[in-house]
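Note: the block below is coords21.cif and it holds mmCIF, C-alpha atoms and all ligand atoms.
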```cif
data_coords
loop_
_atom_site.group_PDB
_atom_site.id
_atom_site.type_symbol
_atom_site.label_atom_id
_atom_site.label_comp_id
_atom_site.auth_asym_id
_atom_site.auth_seq_id
_atom_site.Cartn_x
_atom_site.Cartn_y
_atom_site.Cartn_z
ATOM 1 C CA MET A 1 -9.182 15.776 -16.284
ATOM 2 C CA LYS A 2 -8.270 17.380 -12.948
ATOM 3 C CA ASN A 3 -4.672 17.522 -11.888
ATOM 4 C CA LYS A 4 -3.665 16.209 -8.453
ATOM 5 C CA ILE A 5 -2.465 18.153 -5.438
ATOM 6 C CA VAL A 6 0.212 16.890 -3.054
ATOM 7 C CA ALA A 7 0.742 19.017 0.059
ATOM 8 C CA GLY A 8 3.393 18.421 2.720
ATOM 9 C CA ASN A 9 2.614 19.260 6.340
ATOM 10 C CA TRP A 10 5.915 19.495 8.190
ATOM 11 C CA LYS A 11 4.207 20.078 11.560
ATOM 12 C CA MET A 12 6.645 21.231 14.306
ATOM 13 C CA ASN A 13 9.768 19.692 12.793
ATOM 14 C CA LYS A 14 13.177 20.906 11.541
ATOM 15 C CA THR A 15 15.524 23.661 12.616
ATOM 16 C CA PHE A 16 16.251 26.518 10.225
ATOM 17 C CA PRO A 17 19.284 24.872 8.515
ATOM 18 C CA GLU A 18 17.503 21.518 8.354
ATOM 19 C CA ALA A 19 14.477 23.186 6.794
ATOM 20 C CA GLU A 20 16.673 24.876 4.197
ATOM 21 C CA GLU A 21 18.371 21.576 3.367
ATOM 22 C CA LEU A 22 15.023 19.826 2.911
ATOM 23 C CA LEU A 23 13.560 22.621 0.795
ATOM 24 C CA VAL A 24 16.608 22.618 -1.473
ATOM 25 C CA ALA A 25 16.523 18.808 -1.781
ATOM 26 C CA ILE A 26 12.821 18.877 -2.719
ATOM 27 C CA ALA A 27 13.398 21.729 -5.184
ATOM 28 C CA GLU A 28 16.231 19.719 -6.801
ATOM 29 C CA GLY A 29 14.018 16.629 -7.003
ATOM 30 C CA LEU A 30 11.234 18.606 -8.642
ATOM 31 C CA ASP A 31 13.690 20.115 -11.148
ATOM 32 C CA ASP A 32 14.012 16.747 -12.849
ATOM 33 C CA MET A 33 10.252 16.386 -13.287
ATOM 34 C CA THR A 34 7.748 17.785 -15.766
ATOM 35 C CA LEU A 35 5.009 18.324 -13.253
ATOM 36 C CA GLU A 36 1.275 18.312 -13.644
ATOM 37 C CA THR A 37 0.749 17.860 -9.910
ATOM 38 C CA ASP A 38 0.393 20.992 -7.768
ATOM 39 C CA VAL A 39 2.926 20.684 -4.968
ATOM 40 C CA ILE A 40 2.451 22.668 -1.759
ATOM 41 C CA ILE A 41 4.906 22.731 1.153
ATOM 42 C CA CYS A 42 3.658 23.845 4.578
ATOM 43 C CA PRO A 43 6.660 24.476 6.840
ATOM 44 C CA PRO A 44 6.482 26.074 10.304
ATOM 45 C CA PHE A 45 5.889 29.861 10.382
ATOM 46 C CA PRO A 46 9.553 30.946 10.761
ATOM 47 C CA TYR A 47 10.502 29.245 7.489
ATOM 48 C CA LEU A 48 7.696 30.586 5.298
ATOM 49 C CA GLU A 49 9.700 33.380 3.769
ATOM 50 C CA MET A 50 12.704 31.154 3.052
ATOM 51 C CA ALA A 51 10.389 28.561 1.505
ATOM 52 C CA ALA A 52 8.721 31.251 -0.603
ATOM 53 C CA ASP A 53 12.136 32.445 -1.834
ATOM 54 C CA ILE A 54 13.216 28.928 -2.806
ATOM 55 C CA SER A 55 9.829 28.266 -4.411
ATOM 56 C CA GLU A 56 10.381 31.116 -6.856
ATOM 57 C CA GLU A 57 12.957 28.990 -8.658
ATOM 58 C CA SER A 58 11.008 25.757 -8.267
ATOM 59 C CA ASN A 59 7.719 24.022 -8.923
ATOM 60 C CA PHE A 60 6.064 24.277 -5.550
ATOM 61 C CA THR A 61 4.037 26.846 -3.671
ATOM 62 C CA VAL A 62 4.051 27.564 0.037
ATOM 63 C CA GLY A 63 1.401 27.107 2.689
ATOM 64 C CA ALA A 64 1.127 27.741 6.426
ATOM 65 C CA GLN A 65 -0.099 25.251 9.015
ATOM 66 C CA ASN A 66 -2.329 27.549 11.014
ATOM 67 C CA VAL A 67 -3.687 31.080 11.220
ATOM 68 C CA SER A 68 -5.280 33.233 13.887
ATOM 69 C CA TYR A 69 -9.047 33.622 13.902
ATOM 70 C CA MET A 70 -8.499 37.262 14.824
ATOM 71 C CA ASP A 71 -7.794 39.853 12.173
ATOM 72 C CA LYS A 72 -5.010 41.847 13.857
ATOM 73 C CA GLY A 73 -4.034 43.639 17.041
ATOM 74 C CA ALA A 74 -3.223 42.790 20.655
ATOM 75 C CA TYR A 75 -3.194 38.977 20.442
ATOM 76 C CA THR A 76 0.292 38.033 21.579
ATOM 77 C CA GLY A 77 1.727 35.052 19.787
ATOM 78 C CA GLU A 78 -0.896 34.941 17.060
ATOM 79 C CA VAL A 79 -0.163 35.120 13.330
ATOM 80 C CA SER A 80 -2.713 36.737 11.033
ATOM 81 C CA ALA A 81 -3.791 35.811 7.526
ATOM 82 C CA ALA A 82 -2.426 39.105 6.199
ATOM 83 C CA MET A 83 0.976 38.296 7.736
ATOM 84 C CA LEU A 84 0.975 34.867 6.113
ATOM 85 C CA LYS A 85 0.174 36.375 2.742
ATOM 86 C CA SER A 86 2.929 38.950 3.078
ATOM 87 C CA ALA A 87 5.426 36.191 3.997
ATOM 88 C CA GLY A 88 4.584 34.273 0.810
ATOM 89 C CA ALA A 89 1.907 31.753 1.832
ATOM 90 C CA ASP A 90 -0.740 31.005 -0.781
ATOM 91 C CA THR A 91 -2.464 28.229 1.176
ATOM 92 C CA CYS A 92 -3.034 27.420 4.836
ATOM 93 C CA ILE A 93 -4.080 24.265 6.668
ATOM 94 C CA VAL A 94 -7.131 24.835 8.883
ATOM 95 C CA GLY A 95 -8.650 22.529 11.451
ATOM 96 C CA HIS A 96 -5.974 19.860 11.475
ATOM 97 C CA SER A 97 -6.998 17.219 14.003
ATOM 98 C CA GLU A 98 -3.945 18.026 16.133
ATOM 99 C CA ARG A 99 -5.185 21.588 16.466
ATOM 100 C CA ARG A 100 -8.754 20.481 17.123
ATOM 101 C CA ALA A 101 -7.529 18.062 19.826
ATOM 102 C CA TYR A 102 -4.582 19.782 21.552
ATOM 103 C CA PHE A 103 -5.583 23.405 21.097
ATOM 104 C CA LYS A 104 -9.335 22.854 21.391
ATOM 105 C CA GLU A 105 -10.152 24.665 18.172
ATOM 106 C CA THR A 106 -13.894 24.796 17.621
ATOM 107 C CA ASP A 107 -15.917 24.630 14.413
ATOM 108 C CA GLU A 108 -16.885 28.266 14.988
ATOM 109 C CA GLU A 109 -13.249 29.406 15.212
ATOM 110 C CA LEU A 110 -12.361 27.383 12.145
ATOM 111 C CA ALA A 111 -15.147 29.075 10.162
ATOM 112 C CA LYS A 112 -13.652 32.459 11.133
ATOM 113 C CA LYS A 113 -10.195 31.316 10.040
ATOM 114 C CA VAL A 114 -11.555 30.231 6.667
ATOM 115 C CA ASN A 115 -13.173 33.661 6.200
ATOM 116 C CA LEU A 116 -9.970 35.533 7.041
ATOM 117 C CA LEU A 117 -7.891 33.346 4.736
ATOM 118 C CA LEU A 118 -10.247 33.844 1.810
ATOM 119 C CA ALA A 119 -10.360 37.589 2.481
ATOM 120 C CA ASN A 120 -6.567 37.590 2.213
ATOM 121 C CA ASP A 121 -6.488 35.513 -0.952
ATOM 122 C CA ILE A 122 -5.133 32.377 0.747
ATOM 123 C CA VAL A 123 -6.566 28.961 -0.084
ATOM 124 C CA PRO A 124 -7.679 27.094 3.049
ATOM 125 C CA ILE A 125 -6.914 23.379 3.222
ATOM 126 C CA PHE A 126 -9.791 22.474 5.511
ATOM 127 C CA CYS A 127 -9.207 19.223 7.426
ATOM 128 C CA VAL A 128 -11.951 16.879 8.546
ATOM 129 C CA GLY A 129 -11.849 13.386 9.979
ATOM 130 C CA GLU A 130 -13.282 11.020 12.534
ATOM 131 C CA GLN A 131 -11.651 9.532 15.625
ATOM 132 C CA LYS A 132 -11.195 5.776 15.892
ATOM 133 C CA SER A 133 -14.056 5.444 18.392
ATOM 134 C CA GLU A 134 -16.355 7.470 16.137
ATOM 135 C CA ARG A 135 -15.636 5.134 13.218
ATOM 136 C CA GLU A 136 -16.209 2.099 15.416
ATOM 137 C CA ASN A 137 -19.556 3.527 16.559
ATOM 138 C CA GLY A 138 -20.685 4.137 12.980
ATOM 139 C CA GLU A 139 -20.529 7.921 13.401
ATOM 140 C CA THR A 140 -18.034 8.715 10.649
ATOM 141 C CA PHE A 141 -20.481 10.360 8.236
ATOM 142 C CA ASN A 142 -22.176 12.368 11.000
ATOM 143 C CA VAL A 143 -18.839 13.732 12.204
ATOM 144 C CA ILE A 144 -17.734 14.672 8.692
ATOM 145 C CA ARG A 145 -21.124 16.267 7.963
ATOM 146 C CA ARG A 146 -20.920 18.356 11.130
ATOM 147 C CA GLN A 147 -17.349 19.514 10.476
ATOM 148 C CA ILE A 148 -18.093 20.501 6.884
ATOM 149 C CA THR A 149 -21.463 22.081 7.582
ATOM 150 C CA GLN A 150 -20.238 24.169 10.495
ATOM 151 C CA GLY A 151 -16.838 25.053 9.102
ATOM 152 C CA LEU A 152 -17.680 25.737 5.474
ATOM 153 C CA PHE A 153 -21.383 25.921 4.664
ATOM 154 C CA HIS A 154 -21.699 29.598 5.510
ATOM 155 C CA LEU A 155 -19.596 30.279 2.383
ATOM 156 C CA LYS A 156 -21.009 31.422 -0.926
ATOM 157 C CA LYS A 157 -20.554 29.181 -3.943
ATOM 158 C CA GLU A 158 -17.692 31.258 -5.357
ATOM 159 C CA GLU A 159 -15.965 31.155 -1.959
ATOM 160 C CA ILE A 160 -16.195 27.417 -1.309
ATOM 161 C CA ALA A 161 -14.922 26.875 -4.845
ATOM 162 C CA GLN A 162 -11.559 28.143 -3.602
ATOM 163 C CA VAL A 163 -11.329 25.749 -0.653
ATOM 164 C CA ILE A 164 -9.441 22.441 -0.608
ATOM 165 C CA ILE A 165 -10.816 19.780 1.733
ATOM 166 C CA ALA A 166 -8.543 17.167 3.326
ATOM 167 C CA TYR A 167 -10.084 13.988 4.687
ATOM 168 C CA GLU A 168 -7.771 12.839 7.457
ATOM 169 C CA PRO A 169 -9.108 10.012 9.627
ATOM 170 C CA VAL A 170 -7.620 10.803 13.037
ATOM 171 C CA TRP A 171 -6.775 7.156 13.664
ATOM 172 C CA ALA A 172 -4.575 7.150 10.549
ATOM 173 C CA ILE A 173 -2.522 10.275 11.292
ATOM 174 C CA GLY A 174 1.051 9.466 12.222
ATOM 175 C CA THR A 175 0.062 5.963 13.277
ATOM 176 C CA GLY A 176 1.130 3.956 10.239
ATOM 177 C CA LEU A 177 -2.512 2.820 9.945
ATOM 178 C CA THR A 178 -3.735 3.975 6.542
ATOM 179 C CA ALA A 179 -7.363 3.998 5.453
ATOM 180 C CA THR A 180 -7.923 1.390 2.774
ATOM 181 C CA PRO A 181 -8.632 2.825 -0.669
ATOM 182 C CA GLN A 182 -12.254 1.683 -0.172
ATOM 183 C CA GLN A 183 -12.557 3.508 3.163
ATOM 184 C CA ALA A 184 -11.006 6.650 1.702
ATOM 185 C CA GLN A 185 -13.155 6.551 -1.435
ATOM 186 C CA GLU A 186 -16.335 6.059 0.581
ATOM 187 C CA VAL A 187 -15.756 9.171 2.693
ATOM 188 C CA HIS A 188 -14.461 11.270 -0.207
ATOM 189 C CA ALA A 189 -17.582 10.413 -2.226
ATOM 190 C CA PHE A 190 -19.714 11.347 0.782
ATOM 191 C CA ILE A 191 -17.965 14.722 1.076
ATOM 192 C CA ARG A 192 -18.433 15.398 -2.631
ATOM 193 C CA GLN A 193 -22.110 14.512 -2.302
ATOM 194 C CA LEU A 194 -22.507 16.962 0.607
ATOM 195 C CA ILE A 195 -20.963 19.704 -1.527
ATOM 196 C CA GLU A 196 -23.185 18.761 -4.449
ATOM 197 C CA GLU A 197 -26.370 18.908 -2.381
ATOM 198 C CA LYS A 198 -25.529 22.386 -1.156
ATOM 199 C CA TYR A 199 -23.629 23.956 -4.068
ATOM 200 C CA GLY A 200 -24.435 21.886 -7.168
ATOM 201 C CA THR A 201 -22.688 19.370 -9.372
ATOM 202 C CA GLU A 202 -20.109 21.601 -11.004
ATOM 203 C CA THR A 203 -18.784 22.972 -7.709
ATOM 204 C CA ALA A 204 -18.688 19.461 -6.260
ATOM 205 C CA TYR A 205 -16.853 18.038 -9.254
ATOM 206 C CA ASN A 206 -14.266 20.823 -9.229
ATOM 207 C CA MET A 207 -13.652 20.590 -5.485
ATOM 208 C CA TYR A 208 -10.269 19.158 -4.470
ATOM 209 C CA ILE A 209 -10.551 16.525 -1.754
ATOM 210 C CA LEU A 210 -7.192 15.261 -0.487
ATOM 211 C CA TYR A 211 -6.542 12.172 1.598
ATOM 212 C CA GLY A 212 -4.224 12.364 4.612
ATOM 213 C CA GLY A 213 -3.134 9.766 7.146
ATOM 214 C CA SER A 214 0.061 7.707 6.924
ATOM 215 C CA CYS A 215 0.231 8.172 3.181
ATOM 216 C CA ASN A 216 3.638 6.980 1.936
ATOM 217 C CA PRO A 217 5.449 5.996 -1.273
ATOM 218 C CA GLY A 218 4.089 2.451 -0.919
ATOM 219 C CA ASN A 219 0.365 3.280 -0.716
ATOM 220 C CA ALA A 220 0.056 6.653 -2.490
ATOM 221 C CA LEU A 221 -0.663 5.318 -5.974
ATOM 222 C CA GLU A 222 -3.489 3.084 -4.804
ATOM 223 C CA LEU A 223 -5.067 5.857 -2.712
ATOM 224 C CA PHE A 224 -4.686 8.544 -5.375
ATOM 225 C CA SER A 225 -6.241 6.222 -7.962
ATOM 226 C CA CYS A 226 -9.603 6.324 -6.182
ATOM 227 C CA THR A 227 -12.194 8.274 -8.177
ATOM 228 C CA ASP A 228 -12.791 10.958 -5.547
ATOM 229 C CA VAL A 229 -9.256 11.264 -4.164
ATOM 230 C CA ASP A 230 -7.622 14.315 -5.726
ATOM 231 C CA GLY A 231 -4.245 13.947 -4.038
ATOM 232 C CA GLY A 232 -2.813 13.884 -0.548
ATOM 233 C CA LEU A 233 -1.912 15.852 2.542
ATOM 234 C CA ILE A 234 1.312 14.245 3.694
ATOM 235 C CA GLY A 235 2.773 14.500 7.207
ATOM 236 C CA GLY A 236 5.702 12.265 8.169
ATOM 237 C CA ALA A 237 6.616 11.279 4.623
ATOM 238 C CA SER A 238 6.964 14.943 3.602
ATOM 239 C CA LEU A 239 9.980 15.284 5.885
ATOM 240 C CA LYS A 240 12.189 13.175 3.618
ATOM 241 C CA ALA A 241 12.756 14.622 0.157
ATOM 242 C CA GLU A 242 13.018 11.174 -1.414
ATOM 243 C CA ASP A 243 9.699 9.972 0.004
ATOM 244 C CA PHE A 244 7.884 13.205 -0.770
ATOM 245 C CA ILE A 245 9.121 13.139 -4.373
ATOM 246 C CA ALA A 246 8.082 9.480 -4.668
ATOM 247 C CA ILE A 247 4.561 10.425 -3.531
ATOM 248 C CA ILE A 248 4.463 13.250 -6.082
ATOM 249 C CA ASN A 249 5.571 10.703 -8.679
ATOM 250 C CA ALA A 250 2.640 8.495 -7.668
ATOM 251 C CA ALA A 251 0.277 11.427 -8.318
ATOM 252 C CA GLU A 252 1.879 11.936 -11.726
ATOM 253 C CA THR A 253 1.550 8.237 -12.599
ATOM 254 C CA CYS A 254 -2.070 8.349 -11.568
ATOM 255 C CA MET A 255 -2.825 11.193 -13.963
ATOM 256 C CA LYS A 256 -1.013 9.417 -16.806
ATOM 257 C CA ASN A 257 -3.027 6.243 -16.133
ATOM 258 C CA ASP A 258 -6.316 8.135 -16.172
HETATM 259 C C1 LIG B 301 -1.035 15.035 8.689
HETATM 260 O O1 LIG B 301 -0.676 15.315 9.825
HETATM 261 O O2 LIG B 301 -1.633 15.878 8.002
HETATM 262 C C2 LIG B 301 -0.714 13.701 8.205
HETATM 263 C C3 LIG B 301 -1.380 13.253 7.188
HETATM 264 O O3 LIG B 301 0.258 13.029 8.903
HETATM 265 P P1 LIG B 301 0.897 11.605 8.533
HETATM 266 O O4 LIG B 301 1.073 11.572 7.029
HETATM 267 O O5 LIG B 301 2.198 11.582 9.247
HETATM 268 O O6 LIG B 301 -0.062 10.574 9.010
#
```
Show the structure stored in the file as structure tokens.
Amino acid sequence: MKNKIVAGNWKMNKTFPEAEELLVAIAEGLDDMTLETDVIICPPFPYLEMAADISEESNFTVGAQNVSYMDKGAYTGEVSAAMLKSAGADTCIVGHSERRAYFKETDEELAKKVNLLLANDIVPIFCVGEQKSERENGETFNVIRRQITQGLFHLKKEEIAQVIIAYEPVWAIGTGLTATPQQAQEVHAFIRQLIEEKYGTETAYNMYILYGGSCNPGNALELFSCTDVDGGLIGGASLKAEDFIAIINAAETCMKND
């Protein structure tokens, strides 16, 4: 049986001391648990090293929220995959809908980011998801197919095997509107089928597909219990240690029930 993954995306929140307080509170919460779930915390760039230091004594690993699609050099303000690795990041979110929408990231740029992350031994958490209007127009599967095909399908089998996919319906992110377990399961199964058609059954089965979008302590167990939901990418609820730990507990319960 596969374990679950719970990843926290802090987005652009917390000052340095607040970040330290939250990291310590999460580390203390995890201390009391015998964990089978893989816990990943993705703080803003300036806190990566601190998070990596704290993680050494705890049960979580550290991820970044973004990476440059350029390798290195004169790109003021950019942060490269090699820098992330050297600061202690083992994973990195790519293609979050906020970056696709506000920073106009294209599928082509996202594919380059994935390549650079893999080349630097960082696991990409590749986000896909439809807008509300796209769901209403029956375009959900087409949108997901396009995002996955263009962002990931240039990879070889052994490369895609290292990628985590996060299904995050845009209409559910930060809105309090969660996908129903049926809606989540339907899209997760579709994603797994796409992977299977291109890379075969074993790769598809082993692929981690996380759900993200207003996941909270009240709905996590039901969502994580869906056959093709391998855990969650958590935004708002990862900013409170108590809620984040409760969601991790839901993942643990799910594995025990399996
Ligand atoms: C996210 O931004 O990745 C996310 C899932 O946010 P929230 O949980 O706040 O909807």
| task | Evaluate the PyMOL selection byres (((not hetatm)) within 10 of (chain B and resi 301)) and record the selected residues as a ChimeraX atom specification, following the chain and residue labels used in the document. | result | /A:7-11,65,93,96-98,127,166-178,210-216,232-239
| said: So that I can see what lies close to Gly151 (chain A), please list as an NGL selection string the residues with an atom at most 12 Å from it, counting all atoms listed in the file and leaving out residues fewer than 2 positions away in the same chain. | reply: :A and (94-95 or 105-115 or 124-128 or 143-149 or 153-155 or 160 or 163 or 165)
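The residue that comes closest to Thr91 (chain A), out of A:Asp38, A:Asp53, A:Glu222, A:Glu196 and on the basis of all atoms listed in the file, is A:Asp38.
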Give, as lines of an AutoDock Vina configuration file, the centre coordinates and the x, y and z edge lengths in Å to one decimal for an axis-aligned box around all listed atoms of region 95-112 of chain A, padded by 3 Å on each side.
```
center_x = -10.4
center_y = 24.8
center_z = 15.9
size_x = 18.9
size_y = 21.2
size_z = 17.4
```
| task | Translate the PyMOL selection byres (((chain A and resi 118-120) around 8) and not hetatm), as applied to the file shown, into an explicit residue set as a PyMOL selection string. | result | chain A and resi 81-82+85+114-117+121-124+159+162
Matched chain/residue IDs from the PyMOL selection byres (((chain A and resi 63) around 6) and not hetatm), as a PDB file with C-alpha atoms, in the coordinates of the input:
```pdb
ATOM      1  CA  ILE A  41       4.906  22.731   1.153  1.00  0.00           C
ATOM      2  CA  CYS A  42       3.658  23.845   4.578  1.00  0.00           C
ATOM      3  CA  VAL A  62       4.051  27.564   0.037  1.00  0.00           C
ATOM      4  CA  ALA A  64       1.127  27.741   6.426  1.00  0.00           C
ATOM      5  CA  ALA A  89       1.907  31.753   1.832  1.00  0.00           C
ATOM      6  CA  ASP A  90      -0.740  31.005  -0.781  1.00  0.00           C
ATOM      7  CA  THR A  91      -2.464  28.229   1.176  1.00  0.00           C
ATOM      8  CA  CYS A  92      -3.034  27.420   4.836  1.00  0.00           C
TER       9      CYS A  92
END
```
| field | Residue with smallest distance to Asp228 (chain A) - pool A:Glu49, A:Lys2, A:Ser55, A:Ile247, counting all atoms listed in the file | value | A:Lys2
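Among the candidates A:Ala101, A:Val6, A:Ala161, A:Cys226, the residue lying nearest to Val39 (chain A) is A:Val6 (atoms considered: all atoms listed in the file).
Comparing the minimum interatomic distances between Thr37 (chain A) and each of A:Glu186, A:Gly231, A:Gly138, A:Lys4, counting only C-alpha atoms, we find that A:Lys4 sits nearest.
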| query | Hey, which of A:Met207, A:Ala189, A:Ala184, A:Ala241 ends up closest to Lys157 (chain A)? Count only C-alpha atoms. | reply | A:Met207
| task | Would you mind telling me which residue in A:Asn59, A:Ser68, A:Thr203, A:Asn257 lies nearest to Phe224 (chain A) when using only C-alpha atoms? | result | A:Asn257
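CA of Glu20 (chain A) lies 17.0 Å from CA of Asp243 (chain A).
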